[in-house]
Amino acid sequence: MPKVLIAGEVQDGKLAGVSGELVAAALKLTGNPRDVSIALACDDAAGSAENALACGVGSVYVIEHPALKGAGQGGFDAPVTAFVALLNAEKPDVFLMARTDFGYNVAPRVAFRLGVPVAQDCIDLAWDAASNAAVVTRPVYGGNAMAVYRFKEQRPQIVIVRPKTFEPAASNLSPVGEIKRFGVEIPDSHSRARLVESVKEQRAGVRLEEAQVVVAGGRGLGGPEPFKQLQDLASVLGGALGASRAACDAGWIDHSHQIGLTGKSIGPRVYITVGISGASQHMAGCSGAKTIVAINRDPDANIFKEARYGVVGDWQKILPAFIETVREIKRS
Amino acid sequence: MPPRIAVCVKQVPDPDAPASTFKVDESARRVITAPGIPPVVNGFDLHATEAALRIKDAHAGGVEITVLSVGPSFVMEVIKKPLSMGADNLILVEDAALADVDAHATVTVLAAALKKAGPFDLILCGRQASDWDNAYVPLGLAEVLGLPCVTLARKVDLLKESGKVRVERSLTDGYQVVESDSPAVITVSNELGEPRYPTLRGIMAATRKQPSRWKPADIGLNAAALAPLLSLERLFVPERQKEIELIRGEDDADAGRKLALRLREAKLI
Ligand SMILES: Cc1cc2nc3c(=O)[nH]c(=O)nc-3n(C[C@H](O)[C@H](O)[C@H](O)COP(=O)(O)OP(=O)(O)OC[C@H]3O[C@@H](n4cnc5c(N)ncnc54)[C@H](O)[C@@H]3O)c2cc1C
Ligand SMILES: Nc1ncnc2c1ncn2[C@@H]1O[C@H](COP(=O)(O)O)[C@@H](O)[C@H]1O
């Protein structure tokens with residue numbers, strides 16, 4: 001069975017939900033949680049290290065360094081240097097990161113620095129005992145095709161996992177492993193790019209990534225105003241507002257609402273799309289949605305191949321009656 | 001000397017082609033080129049070109065923009081698009097041996113080409129290529145060339161006095177401003193805004209320009225440098241058709257009402 005090292009992510013002082021998904025992915029490779037470890041590279045791992053231990057893993061490596069401040073957005077050298085040092089010391093078989101701002105910026109650089117391959121955006125993975133290597137599945141061509149790759153004998157085998165693909169593993173177990181501090185030297189020459197300013201957009205209400213209901217609009221809405229109706233609908237349902245890239249590029253709604261391959265990955269119970277055609281690059285962001293509902297006037301739109309419920313017609317007529325009825329249901 | 005910017009662009013199948021035209025040859029593990037649908041320059045690479053042109057517009061002393069592309073064969077009207085937008089030179093590393101190379105090999109080839117064509121003050125790339133959706137090549141280039149790398153730019157400025165690069169990064173939940181030494185590798189995202197359309201004059205000028213054409217051997221590379229690191233075992237088109245329940249009504253409004261009731265019945269809302 002392989003030894004698996006996970007790059008954990010810290011969010012508001014806690015272990016981010018996506019890291020629990022990586023633990024679930026790791027447990028697909030090795031049945032034994034003791035073979036799994038989590039590395040936290042940040043400026044302050046207090047709190048998140050205990051969260052990581054409560055996932056039942058064998059070890060939690062804490063790499064704390066002032067240069068790792070703000071590393072979570074993956075823009076800089078420091079986390080690359082930190083993980084390369086840890087990987088060289090611990091020699092796991094597999095190194096897992098998530099396809100987040102952090103993972104997709106850091107993992108490829110770690111791979112190139114170590115001279116090993118990396119598999120991006122994987123939605124499935126398995127360990128092939130016969131060849132002693134990982135076999136992974138990933139969507140390519142925007143999701144139009146699936147590719148299955150087999151690693152060779154290289155170590156570590158670096159896999160980037162698509163968020164919202166795996167149900168997070170339990171994170172409230174009594175700790176069995178231990179916290180190990182790992183010291184790294186991060187030379188000054190590695191700070192040739194410096195953070196000047198970091199602005200976090202705090203939006204009221206539910207986070208898109210965590211919402212159980214998401215309502216999203218696309219180019220078919222024709223302008224910014226209809227998004228207010230969708231926001232109302234989202235609020236009534238206790239959900240969050242999303243959009244297609246076309247709507248964001250048109251300037252109708254901020255890009256932080258974009259769902260898809262190059263936007264956010266969501267995993268709600270219900271995903272309601274209005275005026276979205278369902279291009280594969282959009283669907284790449286909502287493969288975790290349990291039920292998709294589509295309103296679109298084109299019966300041949302791809303979204304109807306992905307949806308469970310649909311209405312073919314003009315949203316301008318459908319939506320007001322739909323919202324009104326939802327309100328009535330919620331009131332009763 | 002005026003600043004020199006390199007833009008790396010890839011020729012890819014048109015991602016906006018109808019899904020029904022997308023076909024895979026499973027035995028060859030290759031995507032079949034859809035007949036009659038010409039390839040395009042990868043969308044984000046046009047954003048990278050636009051970022052370079054905006055820097056050029058802002059520098060009275062001029063900026064030289066060199067476009068580089070690596071691939072098995074190019075369609076001239078397609079790959080010249082950055083020239084018609086206003087870039088100055090085009091370098092093509094073209095060879096049949098480059099047909100099935102992976103990101104590692106692409107990095108090897110691009111790095112060698114950039115060294116031969118350089119030095120550059122800035123290397124701009126797209127955030128990812130829409131064929132294999134890797135988002136590795138720019139990060140790999142930065143590693144191999146030993147340069148800083150700033151990803152997901154929505155704004156790129158080359159600061160005149162300090163010679164540094166100032167980048168606004170578009171992130172999932174906000175943005176960052178980063179200042180980097182130059183040279184640096186920067187990846188550009190669609191949040192930059194629409195790439196400009198080529199003008200008629202630009203198109204005429206591009207028609208007259210001849211690209212420099214190099215073979216891997218011209219930049220010191222042999223076949224061994226191009227072998228893929230992972231083996232592609234299978235390539236297939238996933239089955240997608242799901243069971244859909246279409247809600248009908250007397251008119252659109254009625255259908256909207258019935259949809260809400262149906263979702264209630266299914267305990268979804
Ligand atoms: C590399 C790459 C990455 C990408 N990443 C993303 C991503 O992260 N997210 C994303 O969303 N896209 C992404 N895209 C873009 C994607 O390919 C599509 O272009 C985009 O999703 C289309 O958005 P849309 O469905 O809103 O617009 P369209 O495809 O134009 O669809 C609009 C729909 O609205 C319907 N409509 C119009 N009027 C009405 C009406 N009155 N009533 C009802 N329906 C109506 C139409 O029938 C149509 O189906 C990416 C593309 C590439 C190449
Ligand atoms: N064959 C290529 N030729 C030139 N540039 C490339 C090539 N492949 C990738 N790039 C650049 O690297 C970026 C990311 O590509 P990728 O890593 O393949 O997703 C692209 O947007 C291009 O800017």
# chains A, B, ... in the order shown; residues from 1 in each chain; ligands from 1
>>> residues_near_ligand(ligand="ligand 2", cutoff="8 Å", atoms="only C-alpha atoms and all ligand atoms", output="VMD selection string")
chain B and resid 7 to 11 42 to 45 48 68 to 71 103 106 to 107 110 124 to 139 187
>>> residues_near_ligand(ligand="ligand 1", cutoff="7 Å", atoms="only C-alpha atoms and all ligand atoms", output="MDAnalysis selection string")
(chainID A and resid 142 217:221 243:247 258:263 274:282 285 295:298 301 313:316) or (chainID B and resid 15:16 43 128:130 133)
>>> residues_around(residues="Val165 in chain B", least_positions_apart="6", cutoff="9 Å", atoms="only C-alpha atoms", output="PDB file with C-alpha atoms, in the first residue's frame")
ATOM      1  CA  ALA A 193       7.606  38.266  -6.230  1.00  0.00           C
TER       2      ALA A 193
ATOM      3  CA  LEU B 122       8.465  39.461 -19.530  1.00  0.00           C
ATOM      4  CA  VAL B 156      -0.194  43.564 -15.915  1.00  0.00           C
ATOM      5  CA  ASP B 157       1.994  46.685 -15.778  1.00  0.00           C
ATOM      6  CA  LEU B 158       5.673  46.984 -16.530  1.00  0.00           C
ATOM      7  CA  LEU B 159       6.854  49.754 -14.202  1.00  0.00           C
ATOM      8  CA  VAL B 178       1.871  41.355  -6.545  1.00  0.00           C
ATOM      9  CA  GLU B 179       5.093  43.075  -7.525  1.00  0.00           C
ATOM     10  CA  SER B 180       7.723  40.898  -9.113  1.00  0.00           C
ATOM     11  CA  ASP B 181      11.270  41.320 -10.354  1.00  0.00           C
ATOM     12  CA  SER B 182      11.583  41.016 -14.088  1.00  0.00           C
ATOM     13  CA  PRO B 183      11.978  38.871 -16.034  1.00  0.00           C
ATOM     14  CA  ALA B 184       8.990  36.910 -14.805  1.00  0.00           C
TER      15      ALA B 184
END
>>> closest_atom_pairs(of="chain B", to="chain A", cutoff="7 Å", atoms="only C-alpha atoms", output="CSV")
residue,atom,partner,partner_atom,distance
B:Ser130,CA,A:Tyr141,CA,6.0
B:Asp131,CA,A:Tyr141,CA,4.5
B:Trp132,CA,A:Val140,CA,5.0
B:Asp133,CA,A:Val140,CA,6.0
B:Asn134,CA,A:Gln120,CA,6.1
B:Tyr136,CA,A:Pro108,CA,5.7
B:Leu139,CA,A:Arg109,CA,5.7
B:Gly140,CA,A:Phe112,CA,5.6
B:Glu143,CA,A:Arg113,CA,6.3
B:Pro148,CA,A:Arg192,CA,6.2
B:Val150,CA,A:Gly75,CA,5.9
B:Thr151,CA,A:Gly75,CA,6.6
B:Leu171,CA,A:Asp101,CA,6.9
B:Thr172,CA,A:Ser256,CA,6.0
B:Asp173,CA,A:Glu201,CA,5.5
B:Gly174,CA,A:Lys200,CA,4.5
B:Tyr175,CA,A:Val199,CA,5.3
B:Gln176,CA,A:Ser198,CA,4.3
B:Val177,CA,A:Glu197,CA,5.0
B:Val178,CA,A:Leu195,CA,4.6
B:Glu179,CA,A:Arg194,CA,5.3
B:Ser180,CA,A:Ala193,CA,3.9
B:Asp181,CA,A:Arg192,CA,5.5
B:Leu229,CA,A:Pro117,CA,5.8
B:Leu230,CA,A:Phe151,CA,5.3
B:Ser231,CA,A:Arg150,CA,5.3
B:Leu232,CA,A:Tyr149,CA,4.6
B:Glu233,CA,A:Val148,CA,5.4
B:Arg234,CA,A:Val148,CA,5.0
B:Leu235,CA,A:Ala147,CA,4.6
B:Phe236,CA,A:Met146,CA,5.4
B:Val237,CA,A:Ala145,CA,4.5
B:Pro238,CA,A:Ala145,CA,6.2
B:Arg240,CA,A:Lys305,CA,6.5
B:Gln241,CA,A:Lys305,CA,4.9
B:Lys242,CA,A:Lys305,CA,5.7
B:Glu243,CA,A:Arg308,CA,6.3
B:Ile244,CA,A:Arg308,CA,4.6
B:Glu245,CA,A:Tyr309,CA,4.9
B:Leu246,CA,A:Gly310,CA,4.8
B:Ile247,CA,A:Val311,CA,5.3
B:Arg248,CA,A:Val311,CA,6.8
B:Asp252,CA,A:Ile318,CA,5.1
B:Ala253,CA,A:Ile318,CA,4.6
B:Ala255,CA,A:Ile318,CA,6.6
B:Gly256,CA,A:Phe322,CA,4.3
B:Arg257,CA,A:Phe322,CA,4.9
B:Leu259,CA,A:Phe322,CA,6.9
B:Ala260,CA,A:Phe322,CA,5.7
B:Leu268,CA,A:Val270,CA,6.7
>>> select_by_dssp(residues="range 28-262 of chain B", states="helix (DSSP H, G or I)", output="ChimeraX atom specification")
/B:43-58,76-79,81-85,96-98,103-117,137-145,190-192,200-208,216-219,223-226,252-262
>>> closest_atom_pairs(of="range 92-201 of chain A", to="range 16-32 of chain A", cutoff="8 Å", atoms="only C-alpha atoms", output="Markdown table")
| residue | atom | partner | partner_atom | distance |
| --- | --- | --- | --- | --- |
| A:Leu96 | CA | A:Leu22 | CA | 7.0 |
| A:Met97 | CA | A:Leu22 | CA | 7.3 |
| A:Ala98 | CA | A:Leu22 | CA | 7.1 |
| A:Leu125 | CA | A:Lys28 | CA | 7.2 |
| A:Ala126 | CA | A:Leu29 | CA | 5.3 |
| A:Trp127 | CA | A:Leu29 | CA | 5.1 |
| A:Ala134 | CA | A:Leu29 | CA | 7.9 |
| A:Val161 | CA | A:Leu22 | CA | 7.3 |
| A:Pro163 | CA | A:Val18 | CA | 6.3 |
| A:Lys164 | CA | A:Glu21 | CA | 7.4 |
| A:Thr165 | CA | A:Glu21 | CA | 7.6 |
| A:Phe166 | CA | A:Glu21 | CA | 5.3 |
| A:Glu167 | CA | A:Glu21 | CA | 5.8 |
| A:Pro168 | CA | A:Glu21 | CA | 4.0 |
| A:Ala169 | CA | A:Ala24 | CA | 4.9 |
| A:Ala170 | CA | A:Gly20 | CA | 7.4 |
| A:Ser171 | CA | A:Gly20 | CA | 7.0 |
>>> write_last_selection(atoms="N, CA, C and O atoms", output="JSON list (two decimals), in the first residue's frame")
[["chain", "number", "residue", "atom", "x", "y", "z"],
["A", 96, "LEU", "N", -0.83, 14.53, -2.75],
["A", 96, "LEU", "CA", -2.13, 15.03, -3.23],
["A", 96, "LEU", "C", -2.32, 16.50, -2.92],
["A", 96, "LEU", "O", -2.07, 16.95, -1.80],
["A", 97, "MET", "N", -2.79, 17.25, -3.90],
["A", 97, "MET", "CA", -3.23, 18.62, -3.67],
["A", 97, "MET", "C", -4.60, 18.77, -4.32],
["A", 97, "MET", "O", -5.00, 17.95, -5.14],
["A", 98, "ALA", "N", -5.33, 19.84, -3.96],
["A", 98, "ALA", "CA", -6.64, 20.07, -4.55],
["A", 98, "ALA", "C", -6.52, 21.10, -5.67],
["A", 98, "ALA", "O", -5.63, 21.94, -5.64],
["A", 125, "LEU", "N", -9.20, 8.06, -8.75],
["A", 125, "LEU", "CA", -7.84, 7.58, -8.65],
["A", 125, "LEU", "C", -7.85, 6.21, -7.97],
["A", 125, "LEU", "O", -8.77, 5.89, -7.22],
["A", 126, "ALA", "N", -6.85, 5.40, -8.29],
["A", 126, "ALA", "CA", -6.76, 4.06, -7.71],
["A", 126, "ALA", "C", -5.29, 3.68, -7.65],
["A", 126, "ALA", "O", -4.46, 4.27, -8.37],
["A", 127, "TRP", "N", -4.99, 2.74, -6.78],
["A", 127, "TRP", "CA", -3.61, 2.26, -6.70],
["A", 127, "TRP", "C", -3.56, 0.90, -7.34],
["A", 127, "TRP", "O", -4.32, 0.00, -6.99],
["A", 134, "ALA", "N", -0.05, 4.74, -9.36],
["A", 134, "ALA", "CA", -1.40, 5.29, -9.35],
["A", 134, "ALA", "C", -1.96, 5.32, -10.77],
["A", 134, "ALA", "O", -1.22, 5.54, -11.74],
["A", 161, "VAL", "N", -6.53, 16.95, -7.26],
["A", 161, "VAL", "CA", -7.88, 16.41, -7.23],
["A", 161, "VAL", "C", -8.90, 17.53, -7.40],
["A", 161, "VAL", "O", -8.76, 18.61, -6.81],
["A", 163, "PRO", "N", -12.03, 19.61, -6.62],
["A", 163, "PRO", "CA", -12.87, 19.76, -5.43],
["A", 163, "PRO", "C", -14.30, 19.29, -5.71],
["A", 163, "PRO", "O", -14.75, 19.27, -6.86],
["A", 164, "LYS", "N", -15.00, 18.91, -4.65],
["A", 164, "LYS", "CA", -16.40, 18.49, -4.70],
["A", 164, "LYS", "C", -16.57, 17.17, -5.45],
["A", 164, "LYS", "O", -17.65, 16.87, -5.95],
["A", 165, "THR", "N", -15.50, 16.41, -5.59],
["A", 165, "THR", "CA", -15.61, 15.12, -6.25],
["A", 165, "THR", "C", -15.78, 14.02, -5.22],
["A", 165, "THR", "O", -16.52, 13.07, -5.43],
["A", 166, "PHE", "N", -15.08, 14.15, -4.10],
["A", 166, "PHE", "CA", -15.17, 13.14, -3.05],
["A", 166, "PHE", "C", -15.90, 13.71, -1.84],
["A", 166, "PHE", "O", -15.70, 14.88, -1.49],
["A", 167, "GLU", "N", -16.75, 12.92, -1.23],
["A", 167, "GLU", "CA", -17.36, 13.31, 0.04],
["A", 167, "GLU", "C", -16.25, 13.42, 1.07],
["A", 167, "GLU", "O", -15.44, 12.50, 1.19],
["A", 168, "PRO", "N", -16.20, 14.50, 1.84],
["A", 168, "PRO", "CA", -15.12, 14.64, 2.82],
["A", 168, "PRO", "C", -15.12, 13.47, 3.80],
["A", 168, "PRO", "O", -16.18, 12.95, 4.17],
["A", 169, "ALA", "N", -13.93, 13.04, 4.21],
["A", 169, "ALA", "CA", -13.81, 11.97, 5.20],
["A", 169, "ALA", "C", -14.21, 12.52, 6.56],
["A", 169, "ALA", "O", -14.25, 13.73, 6.77],
["A", 170, "ALA", "N", -14.49, 11.64, 7.49],
["A", 170, "ALA", "CA", -14.85, 12.06, 8.85],
["A", 170, "ALA", "C", -13.74, 12.91, 9.43],
["A", 170, "ALA", "O", -12.55, 12.63, 9.23],
["A", 171, "SER", "N", -14.12, 13.98, 10.15],
["A", 171, "SER", "CA", -13.09, 14.89, 10.66],
["A", 171, "SER", "C", -13.24, 15.11, 12.16],
["A", 171, "SER", "O", -12.80, 16.10, 12.70]]
>>> atom_distance(atom1="CA of Thr81 in chain A", atom2="CA of Pro175 in chain A")
28.6 Å
>>> residues_around(residues="Val75 in chain B", least_positions_apart="2", cutoff="9 Å", atoms="only C-alpha atoms", output="mmCIF file with N, CA, C and O atoms, in the first residue's frame")
data_model
loop_
_atom_site.group_PDB
_atom_site.id
_atom_site.type_symbol
_atom_site.label_atom_id
_atom_site.label_comp_id
_atom_site.auth_asym_id
_atom_site.auth_seq_id
_atom_site.Cartn_x
_atom_site.Cartn_y
_atom_site.Cartn_z
ATOM 1 N N GLN B 11 -1.951 26.638 -30.593
ATOM 2 C CA GLN B 11 -3.057 26.404 -31.525
ATOM 3 C C GLN B 11 -3.834 25.197 -31.034
ATOM 4 O O GLN B 11 -3.271 24.134 -30.791
ATOM 5 N N PRO B 38 -11.983 25.084 -38.345
ATOM 6 C CA PRO B 38 -10.561 25.414 -38.197
ATOM 7 C C PRO B 38 -10.186 25.541 -36.723
ATOM 8 O O PRO B 38 -11.034 25.838 -35.879
ATOM 9 N N PRO B 39 -8.908 25.280 -36.407
ATOM 10 C CA PRO B 39 -8.453 25.473 -35.036
ATOM 11 C C PRO B 39 -8.425 26.957 -34.708
ATOM 12 O O PRO B 39 -8.675 27.798 -35.575
ATOM 13 N N VAL B 40 -8.161 27.274 -33.455
ATOM 14 C CA VAL B 40 -8.082 28.670 -33.020
ATOM 15 C C VAL B 40 -6.837 28.838 -32.156
ATOM 16 O O VAL B 40 -6.226 27.858 -31.738
ATOM 17 N N SER B 73 1.867 21.150 -36.478
ATOM 18 C CA SER B 73 1.662 21.836 -37.757
ATOM 19 C C SER B 73 0.713 23.008 -37.497
ATOM 20 O O SER B 73 -0.178 22.916 -36.652
ATOM 21 N N GLU B 77 -3.283 31.282 -41.191
ATOM 22 C CA GLU B 77 -4.221 32.382 -40.893
ATOM 23 C C GLU B 77 -4.578 32.394 -39.406
ATOM 24 O O GLU B 77 -4.915 33.427 -38.857
ATOM 25 N N VAL B 78 -4.524 31.206 -38.783
ATOM 26 C CA VAL B 78 -4.903 31.116 -37.373
ATOM 27 C C VAL B 78 -3.772 31.614 -36.479
ATOM 28 O O VAL B 78 -3.955 32.501 -35.645
ATOM 29 N N ILE B 79 -2.606 31.075 -36.693
ATOM 30 C CA ILE B 79 -1.509 31.335 -35.759
ATOM 31 C C ILE B 79 -0.957 32.758 -35.932
ATOM 32 O O ILE B 79 -0.258 33.280 -35.062
ATOM 33 N N LYS B 80 -1.312 33.401 -37.057
ATOM 34 C CA LYS B 80 -0.879 34.790 -37.245
ATOM 35 C C LYS B 80 -1.792 35.805 -36.558
ATOM 36 O O LYS B 80 -1.530 37.001 -36.624
#
